[in-house]
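query-v3.pdb follows (PDB, C-alpha atoms):
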ATOM      1  CA  MET A   1      -6.196  -3.741 -13.800  1.00  0.00           C
ATOM      2  CA  SER A   2      -5.275  -6.735 -11.669  1.00  0.00           C
ATOM      3  CA  GLN A   3      -1.714  -7.863 -10.965  1.00  0.00           C
ATOM      4  CA  PHE A   4      -2.230 -10.856 -13.276  1.00  0.00           C
ATOM      5  CA  GLY A   5      -3.610  -8.639 -16.055  1.00  0.00           C
ATOM      6  CA  GLN A   6      -0.630  -6.275 -15.857  1.00  0.00           C
ATOM      7  CA  ALA A   7       1.796  -9.193 -16.190  1.00  0.00           C
ATOM      8  CA  LEU A   8      -0.046 -10.496 -19.263  1.00  0.00           C
ATOM      9  CA  ARG A   9      -0.044  -7.016 -20.807  1.00  0.00           C
ATOM     10  CA  ASP A  10       3.739  -6.690 -20.372  1.00  0.00           C
ATOM     11  CA  LEU A  11       4.237 -10.105 -21.969  1.00  0.00           C
ATOM     12  CA  GLY A  12       2.006  -9.233 -24.924  1.00  0.00           C
ATOM     13  CA  ILE A  13      -0.555 -11.916 -24.046  1.00  0.00           C
ATOM     14  CA  GLU A  14      -4.221 -11.260 -24.722  1.00  0.00           C
ATOM     15  CA  HIS A  15      -6.332 -11.807 -21.626  1.00  0.00           C
ATOM     16  CA  ILE A  16      -9.628 -13.424 -22.690  1.00  0.00           C
ATOM     17  CA  GLN A  17     -11.958 -13.292 -19.719  1.00  0.00           C
ATOM     18  CA  ALA A  18     -14.796 -15.756 -19.195  1.00  0.00           C
ATOM     19  CA  HIS A  19     -18.063 -13.776 -19.197  1.00  0.00           C
ATOM     20  CA  THR A  20     -20.456 -16.682 -19.912  1.00  0.00           C
ATOM     21  CA  PRO A  21     -21.629 -19.567 -17.689  1.00  0.00           C
ATOM     22  CA  GLN A  22     -20.383 -22.051 -20.287  1.00  0.00           C
ATOM     23  CA  ALA A  23     -16.831 -20.667 -20.159  1.00  0.00           C
ATOM     24  CA  LYS A  24     -16.837 -20.530 -16.373  1.00  0.00           C
ATOM     25  CA  GLY A  25     -18.179 -24.091 -16.230  1.00  0.00           C
ATOM     26  CA  ARG A  26     -15.125 -25.458 -18.022  1.00  0.00           C
ATOM     27  CA  ILE A  27     -12.690 -24.114 -15.452  1.00  0.00           C
ATOM     28  CA  GLU A  28     -14.971 -25.066 -12.559  1.00  0.00           C
ATOM     29  CA  ARG A  29     -15.056 -28.672 -13.772  1.00  0.00           C
ATOM     30  CA  LEU A  30     -11.267 -28.648 -13.879  1.00  0.00           C
ATOM     31  CA  PHE A  31     -11.144 -27.359 -10.300  1.00  0.00           C
ATOM     32  CA  GLU A  32     -13.467 -30.182  -9.244  1.00  0.00           C
ATOM     33  CA  THR A  33     -11.128 -32.693 -10.871  1.00  0.00           C
ATOM     34  CA  LEU A  34      -8.086 -31.223  -9.139  1.00  0.00           C
ATOM     35  CA  GLN A  35      -9.859 -31.237  -5.774  1.00  0.00           C
ATOM     36  CA  GLY A  36     -10.575 -34.936  -6.307  1.00  0.00           C
ATOM     37  CA  TRP A  37      -6.825 -35.508  -6.318  1.00  0.00           C
ATOM     38  CA  ILE A  38      -6.772 -34.757  -2.599  1.00  0.00           C
ATOM     39  CA  VAL A  39      -8.756 -37.957  -2.011  1.00  0.00           C
ATOM     40  CA  GLU A  40      -6.461 -39.791  -4.410  1.00  0.00           C
ATOM     41  CA  LEU A  41      -3.401 -38.651  -2.456  1.00  0.00           C
ATOM     42  CA  ARG A  42      -4.899 -39.976   0.759  1.00  0.00           C
ATOM     43  CA  LEU A  43      -5.696 -43.332  -0.856  1.00  0.00           C
ATOM     44  CA  ARG A  44      -2.053 -43.560  -1.921  1.00  0.00           C
ATOM     45  CA  GLY A  45      -0.891 -42.864   1.628  1.00  0.00           C
ATOM     46  CA  VAL A  46       0.694 -39.483   0.817  1.00  0.00           C
ATOM     47  CA  ASP A  47       1.185 -37.419   3.992  1.00  0.00           C
ATOM     48  CA  SER A  48       3.908 -34.880   3.066  1.00  0.00           C
ATOM     49  CA  ILE A  49       4.506 -32.175   0.471  1.00  0.00           C
ATOM     50  CA  GLU A  50       7.651 -33.887  -0.820  1.00  0.00           C
ATOM     51  CA  GLU A  51       5.776 -37.140  -1.390  1.00  0.00           C
ATOM     52  CA  ALA A  52       2.898 -35.273  -3.067  1.00  0.00           C
ATOM     53  CA  ASN A  53       5.321 -33.612  -5.505  1.00  0.00           C
ATOM     54  CA  ARG A  54       6.676 -37.055  -6.365  1.00  0.00           C
ATOM     55  CA  VAL A  55       3.197 -38.465  -7.109  1.00  0.00           C
ATOM     56  CA  LEU A  56       1.956 -35.350  -8.966  1.00  0.00           C
ATOM     57  CA  PRO A  57       3.493 -36.208 -12.390  1.00  0.00           C
ATOM     58  CA  GLU A  58       1.699 -39.567 -12.327  1.00  0.00           C
ATOM     59  CA  LEU A  59      -1.649 -37.868 -11.664  1.00  0.00           C
ATOM     60  CA  ILE A  60      -1.045 -35.339 -14.464  1.00  0.00           C
ATOM     61  CA  GLU A  61      -0.266 -38.154 -16.898  1.00  0.00           C
ATOM     62  CA  GLU A  62      -3.451 -39.999 -15.941  1.00  0.00           C
ATOM     63  CA  HIS A  63      -5.470 -36.779 -16.297  1.00  0.00           C
ATOM     64  CA  ASN A  64      -4.067 -36.048 -19.775  1.00  0.00           C
ATOM     65  CA  LYS A  65      -4.802 -39.602 -20.953  1.00  0.00           C
ATOM     66  CA  ALA A  66      -8.439 -39.229 -19.889  1.00  0.00           C
ATOM     67  CA  PHE A  67      -9.206 -35.636 -20.938  1.00  0.00           C
ATOM     68  CA  ALA A  68      -6.517 -34.372 -23.344  1.00  0.00           C
ATOM     69  CA  VAL A  69      -7.645 -33.336 -26.846  1.00  0.00           C
ATOM     70  CA  GLU A  70      -5.321 -32.969 -29.818  1.00  0.00           C
ATOM     71  CA  PRO A  71      -5.046 -29.274 -30.825  1.00  0.00           C
ATOM     72  CA  THR A  72      -6.135 -28.133 -34.271  1.00  0.00           C
ATOM     73  CA  ASP A  73      -2.795 -26.391 -34.810  1.00  0.00           C
ATOM     74  CA  PRO A  74       0.103 -28.610 -33.699  1.00  0.00           C
ATOM     75  CA  HIS A  75       2.585 -25.695 -33.530  1.00  0.00           C
ATOM     76  CA  SER A  76       3.429 -24.336 -30.076  1.00  0.00           C
ATOM     77  CA  ALA A  77       1.815 -21.011 -29.123  1.00  0.00           C
ATOM     78  CA  PHE A  78       4.697 -20.078 -26.819  1.00  0.00           C
ATOM     79  CA  VAL A  79       7.027 -17.341 -28.040  1.00  0.00           C
ATOM     80  CA  PRO A  80      10.506 -16.398 -26.765  1.00  0.00           C
ATOM     81  CA  LEU A  81      10.969 -13.382 -24.534  1.00  0.00           C
ATOM     82  CA  GLU A  82      11.898 -10.298 -26.547  1.00  0.00           C
ATOM     83  CA  GLN A  83      15.272  -8.682 -25.959  1.00  0.00           C
ATOM     84  CA  ASN A  84      13.842  -5.289 -25.004  1.00  0.00           C
ATOM     85  CA  GLN A  85      11.564  -6.797 -22.352  1.00  0.00           C
ATOM     86  CA  PRO A  86      12.679  -6.704 -18.705  1.00  0.00           C
ATOM     87  CA  ASP A  87      13.593  -9.715 -16.663  1.00  0.00           C
ATOM     88  CA  LEU A  88      10.713 -12.085 -15.944  1.00  0.00           C
ATOM     89  CA  ASP A  89      11.245 -11.461 -12.223  1.00  0.00           C
ATOM     90  CA  LEU A  90      10.208  -7.828 -12.829  1.00  0.00           C
ATOM     91  CA  ILE A  91       7.107  -8.885 -14.793  1.00  0.00           C
ATOM     92  CA  LEU A  92       5.800 -11.737 -12.663  1.00  0.00           C
ATOM     93  CA  CYS A  93       5.874  -9.667  -9.485  1.00  0.00           C
ATOM     94  CA  TYR A  94       3.753  -7.592  -7.114  1.00  0.00           C
ATOM     95  CA  ARG A  95       3.228  -3.961  -8.123  1.00  0.00           C
ATOM     96  CA  HIS A  96       2.546  -1.040  -5.802  1.00  0.00           C
ATOM     97  CA  TRP A  97       2.337   2.728  -6.266  1.00  0.00           C
ATOM     98  CA  ARG A  98       4.117   5.181  -3.986  1.00  0.00           C
ATOM     99  CA  THR A  99       4.910   8.916  -3.915  1.00  0.00           C
ATOM    100  CA  LEU A 100       8.603   9.761  -4.018  1.00  0.00           C
ATOM    101  CA  GLY A 101       9.708  12.025  -1.193  1.00  0.00           C
ATOM    102  CA  THR A 102      12.617  14.399  -0.825  1.00  0.00           C
ATOM    103  CA  GLY A 103      16.068  12.850  -1.091  1.00  0.00           C
ATOM    104  CA  GLN A 104      14.861  10.196  -3.559  1.00  0.00           C
ATOM    105  CA  THR A 105      13.222   8.189  -0.753  1.00  0.00           C
ATOM    106  CA  LEU A 106       9.889   6.434  -0.411  1.00  0.00           C
ATOM    107  CA  SER A 107       7.949   4.577   2.247  1.00  0.00           C
ATOM    108  CA  PHE A 108       7.015   0.915   1.810  1.00  0.00           C
ATOM    109  CA  ASP A 109       5.664  -1.517   4.395  1.00  0.00           C
ATOM    110  CA  HIS A 110       6.395   0.920   7.264  1.00  0.00           C
ATOM    111  CA  LYS A 111      10.045   1.223   6.167  1.00  0.00           C
ATOM    112  CA  THR A 112      12.027   3.859   4.277  1.00  0.00           C
ATOM    113  CA  TYR A 113      13.861   3.012   1.054  1.00  0.00           C
ATOM    114  CA  ALA A 114      16.203   4.871  -1.271  1.00  0.00           C
ATOM    115  CA  ILE A 115      17.681   4.085  -4.660  1.00  0.00           C
ATOM    116  CA  ALA A 116      20.765   1.907  -4.270  1.00  0.00           C
ATOM    117  CA  GLU A 117      24.124   3.510  -5.003  1.00  0.00           C
ATOM    118  CA  GLY A 118      24.753   1.375  -8.079  1.00  0.00           C
ATOM    119  CA  SER A 119      21.420   2.376  -9.613  1.00  0.00           C
ATOM    120  CA  GLN A 120      21.406   6.018  -8.543  1.00  0.00           C
ATOM    121  CA  LYS A 121      24.062   7.012 -11.079  1.00  0.00           C
ATOM    122  CA  SER A 122      21.786   6.005 -13.946  1.00  0.00           C
ATOM    123  CA  VAL A 123      18.916   8.243 -12.794  1.00  0.00           C
ATOM    124  CA  ILE A 124      19.634  11.303 -14.935  1.00  0.00           C
ATOM    125  CA  PRO A 125      18.018  13.705 -14.211  1.00  0.00           C
ATOM    126  CA  PRO A 126      16.897  12.855 -10.644  1.00  0.00           C
ATOM    127  CA  ILE A 127      13.246  11.958 -10.232  1.00  0.00           C
ATOM    128  CA  PRO A 128      11.368  15.051  -8.998  1.00  0.00           C
ATOM    129  CA  PRO A 129       9.868  14.822  -5.506  1.00  0.00           C
ATOM    130  CA  LYS A 130       6.151  13.974  -5.178  1.00  0.00           C
ATOM    131  CA  THR A 131       6.336  11.888  -8.362  1.00  0.00           C
ATOM    132  CA  ARG A 132       4.106   8.802  -8.421  1.00  0.00           C
ATOM    133  CA  VAL A 133       6.387   5.836  -9.045  1.00  0.00           C
ATOM    134  CA  GLU A 134       5.806   2.114  -9.229  1.00  0.00           C
ATOM    135  CA  VAL A 135       7.471  -0.245  -6.758  1.00  0.00           C
ATOM    136  CA  ARG A 136       7.881  -3.810  -8.000  1.00  0.00           C
ATOM    137  CA  GLN A 137       8.376  -6.542  -5.440  1.00  0.00           C
ATOM    138  CA  THR A 138       9.771  -9.796  -6.806  1.00  0.00           C
ATOM    139  CA  LEU A 139       8.620 -13.182  -5.560  1.00  0.00           C
ATOM    140  CA  ASP A 140      11.859 -13.549  -3.573  1.00  0.00           C
ATOM    141  CA  GLY A 141      11.282 -10.213  -1.765  1.00  0.00           C
ATOM    142  CA  ARG A 142      13.571  -7.816  -3.686  1.00  0.00           C
ATOM    143  CA  LEU A 143      12.311  -4.271  -4.277  1.00  0.00           C
ATOM    144  CA  PHE A 144      12.792  -2.156  -7.395  1.00  0.00           C
ATOM    145  CA  LEU A 145      11.636   1.328  -8.334  1.00  0.00           C
ATOM    146  CA  TRP A 146      10.137   1.254 -11.834  1.00  0.00           C
ATOM    147  CA  TYR A 147      10.363   4.606 -13.642  1.00  0.00           C
ATOM    148  CA  LYS A 148       9.998   5.263 -17.368  1.00  0.00           C
ATOM    149  CA  GLY A 149      10.564   1.646 -18.318  1.00  0.00           C
ATOM    150  CA  LYS A 150      13.687   1.152 -16.178  1.00  0.00           C
ATOM    151  CA  ALA A 151      14.209  -0.654 -12.888  1.00  0.00           C
ATOM    152  CA  TYR A 152      16.327   0.771 -10.050  1.00  0.00           C
ATOM    153  CA  ALA A 153      17.205  -1.374  -7.055  1.00  0.00           C
ATOM    154  CA  LEU A 154      16.047  -0.087  -3.668  1.00  0.00           C
ATOM    155  CA  LYS A 155      17.790  -0.372  -0.326  1.00  0.00           C
ATOM    156  CA  GLU A 156      16.412   0.153   3.158  1.00  0.00           C
ATOM    157  CA  ILE A 157      17.698   3.190   5.043  1.00  0.00           C
ATOM    158  CA  PRO A 158      17.084   4.446   8.607  1.00  0.00           C
ATOM    159  CA  LYS A 159      13.864   6.343   8.951  1.00  0.00           C
ATOM    160  CA  PRO A 160      14.658  10.086   9.224  1.00  0.00           C
ATOM    161  CA  LYS A 161      13.749  11.769  12.493  1.00  0.00           C
ATOM    162  CA  ARG A 162      11.310  14.618  12.304  1.00  0.00           C
ATOM    163  CA  GLN A 163      12.615  17.880  13.705  1.00  0.00           C
ATOM    164  CA  ALA A 164      10.174  20.220  15.362  1.00  0.00           C
ATOM    165  CA  ALA A 165       9.921  23.558  13.600  1.00  0.00           C
ATOM    166  CA  PRO A 166      11.244  26.435  15.740  1.00  0.00           C
ATOM    167  CA  SER A 167       8.553  28.695  17.099  1.00  0.00           C
ATOM    168  CA  LYS A 168       8.572  32.153  15.535  1.00  0.00           C
ATOM    169  CA  GLN A 169       8.019  35.192  17.739  1.00  0.00           C
ATOM    170  CA  LYS A 170       7.800  38.737  16.506  1.00  0.00           C
ATOM    171  CA  ALA A 171      10.122  41.281  18.009  1.00  0.00           C
ATOM    172  CA  GLY A 172       8.393  43.293  20.712  1.00  0.00           C
ATOM    173  CA  SER A 173       5.403  40.984  20.771  1.00  0.00           C
ATOM    174  CA  GLU A 174       6.020  39.848  24.355  1.00  0.00           C
ATOM    175  CA  ARG A 175       3.267  41.197  26.575  1.00  0.00           C
ATOM    176  CA  LYS A 176       3.807  42.241  30.147  1.00  0.00           C
ATOM    177  CA  PRO A 177       0.996  41.759  32.652  1.00  0.00           C
ATOM    178  CA  HIS A 178      -0.934  45.005  33.263  1.00  0.00           C
ATOM    179  CA  LYS A 179      -1.562  45.885  36.890  1.00  0.00           C
ATOM    180  CA  PRO A 180      -4.242  48.556  37.410  1.00  0.00           C
ATOM    181  CA  ASP A 181      -3.673  51.450  39.849  1.00  0.00           C
ATOM    182  CA  GLU A 182      -5.027  51.380  43.384  1.00  0.00           C
ATOM    183  CA  ASN A 183      -7.738  53.961  42.576  1.00  0.00           C
ATOM    184  CA  HIS A 184      -8.749  52.241  39.363  1.00  0.00           C
ATOM    185  CA  PRO A 185     -12.522  51.611  39.079  1.00  0.00           C
ATOM    186  CA  TRP A 186     -11.834  47.906  38.693  1.00  0.00           C
ATOM    187  CA  ARG A 187     -10.538  47.848  42.286  1.00  0.00           C
ATOM    188  CA  LYS A 188     -13.762  49.295  43.720  1.00  0.00           C
ATOM    189  CA  PRO A 189     -16.526  46.880  44.730  1.00  0.00           C
ATOM    190  CA  LEU A 190     -19.713  46.852  42.717  1.00  0.00           C
ATOM    191  CA  PHE A 191     -21.857  47.528  45.830  1.00  0.00           C
ATOM    192  CA  ASN A 192     -20.813  49.350  49.028  1.00  0.00           C
ATOM    193  CA  PRO A 193     -23.507  49.310  51.730  1.00  0.00           C
ATOM    194  CA  LYS A 194     -21.939  52.376  53.427  1.00  0.00           C
ATOM    195  CA  GLU A 195     -22.486  54.514  50.323  1.00  0.00           C
ATOM    196  CA  ALA A 196     -26.021  53.244  49.643  1.00  0.00           C
ATOM    197  CA  PRO A 197     -28.870  55.869  50.166  1.00  0.00           C
ATOM    198  CA  GLU A 198     -31.193  55.473  53.077  1.00  0.00           C
ATOM    199  CA  THR A 199     -34.421  53.743  52.169  1.00  0.00           C
ATOM    200  CA  ALA A 200     -37.782  54.560  53.602  1.00  0.00           C
ATOM    201  CA  ARG A 201     -39.310  51.865  55.722  1.00  0.00           C
ATOM    202  CA  CYS A 202     -42.958  51.205  55.328  1.00  0.00           C
ATOM    203  CA  SER A 203     -44.785  49.756  58.259  1.00  0.00           C
ATOM    204  CA  GLN A 204     -47.869  47.754  57.701  1.00  0.00           C
ATOM    205  CA  THR A 205     -50.492  47.592  60.450  1.00  0.00           C
ATOM    206  CA  ALA A 206     -53.012  44.881  60.782  1.00  0.00           C
ATOM    207  CA  PRO A 207     -56.620  45.978  60.211  1.00  0.00           C
ATOM    208  CA  SER A 208     -58.657  46.505  63.422  1.00  0.00           C
TER
END

Would you encode the structure as structure tokens?
Amino acid sequence: MSQFGQALRDLGIEHIQAHTPQAKGRIERLFETLQGWIVELRLRGVDSIEEANRVLPELIEEHNKAFAVEPTDPHSAFVPLEQNQPDLDLILCYRHWRTLGTGQTLSFDHKTYAIAEGSQKSVIPPIPPKTRVEVRQTLDGRLFLWYKGKAYALKEIPKPKRQAAPSKQKAGSERKPHKPDENHPWRKPLFNPKEAPETARCSQTAPS
């Protein structure tokens, strides 16, 4: 599920996707209208973001006068946020999955984080290592660990240094170099011409 879909699910909003060309055409026509505003901004001499934000309400009012349709039900479809729901900053956020390491730490964006001291007291019992947890990053950059419906603030800590494991050697396993004796067969050459048997020489005479 996408980030947008997860936020809608937490808010209890049904996500109706457009699977037909007719439904997609409606939103595409709106995008074409909004892109036409770029030309309108240039005609009005707008050359900064601050000035564009000032002109934007006028363009929205003109758009609503031309295309707005009175709804069948005049009552607002917006509902208040329920009391048991988390803060909107923890719903409208970026969500990532990480594996919790030893010491209640996790790695995120090449940095190491741990549960902040104020939040760590409420984690009872501690989260077991190698547990898949959700990290929620708010739009202003704050990080929270989300576990069983509760948010715990995270703080950056120094990355732990890896210690090399000591090499294990068995007692008495050290080998001493073996030096063969002087009369060992390995010290004798493979071929000694003095000990080779005499060979008969054959002489070949040319035919007369």

Would you tabulate, counting all atoms listed in the file, all residues of segment 38-78 of chain A that have an atom at most 12 Å from an atom of segment 14-34 of chain A, showing the closest pair of atoms and their distance in Å to one decimal, sorted by chain then ascending number, as a Markdown table?
| residue | atom | partner | partner_atom | distance |
| --- | --- | --- | --- | --- |
| A:Ile38 | CA | A:Leu34 | CA | 7.5 |
| A:Val39 | CA | A:Leu34 | CA | 9.8 |
| A:Glu40 | CA | A:Leu34 | CA | 9.9 |
| A:Leu41 | CA | A:Leu34 | CA | 11.0 |
| A:Leu56 | CA | A:Leu34 | CA | 10.9 |
| A:Leu59 | CA | A:Leu34 | CA | 9.6 |
| A:Ile60 | CA | A:Leu34 | CA | 9.7 |
| A:Glu62 | CA | A:Thr33 | CA | 11.7 |
| A:His63 | CA | A:Thr33 | CA | 8.8 |
| A:Asn64 | CA | A:Thr33 | CA | 11.8 |
| A:Ala66 | CA | A:Thr33 | CA | 11.5 |
| A:Phe67 | CA | A:Leu30 | CA | 10.1 |

Legend entry - Close residues, Tyr147 of chain A itself excluded, 8 Å, only C-alpha atoms, min 3 positions apart in chain, as a VMD selection string: chain A and resid 133 to 134 150 to 152

Inset, instruction - Using the chain letters and residue numbers of this document, give as a list in words the residues selected by the PyMOL selection byres ((chain A and resi 5) around 12). - result: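 This file, filtered by the PyMOL selection byres ((chain A and resi 5) around 12), leaves Met1, Ser2, Gln3, Phe4, Gln6, Ala7, Leu8, Arg9, Asp10, Leu11, Gly12, Ile13, Glu14, His15, Ile16, Gln17, Ile91, Leu92, Cys93, Tyr94 and Arg95 of chain A.
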
Inset, instruction - Report the distance between atom CA of Val69 of chain A and atom CA of Asn53 of chain A in Å, rounded to one decimal place. - result: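 Atom-to-atom, atom CA of Val69 of chain A and atom CA of Asn53 of chain A are spaced 25.0 Å apart.
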
Output, as JSON, the centre and edge lengths in Å (one decimal) of the axis-aligned box that contains all listed atoms of segment 48-65 of chain A with 5 Å of margin on each side.
{"center_x": 1.1, "center_y": -36.1, "center_z": -8.9, "size_x": 23.1, "size_y": 17.8, "size_z": 34.0}
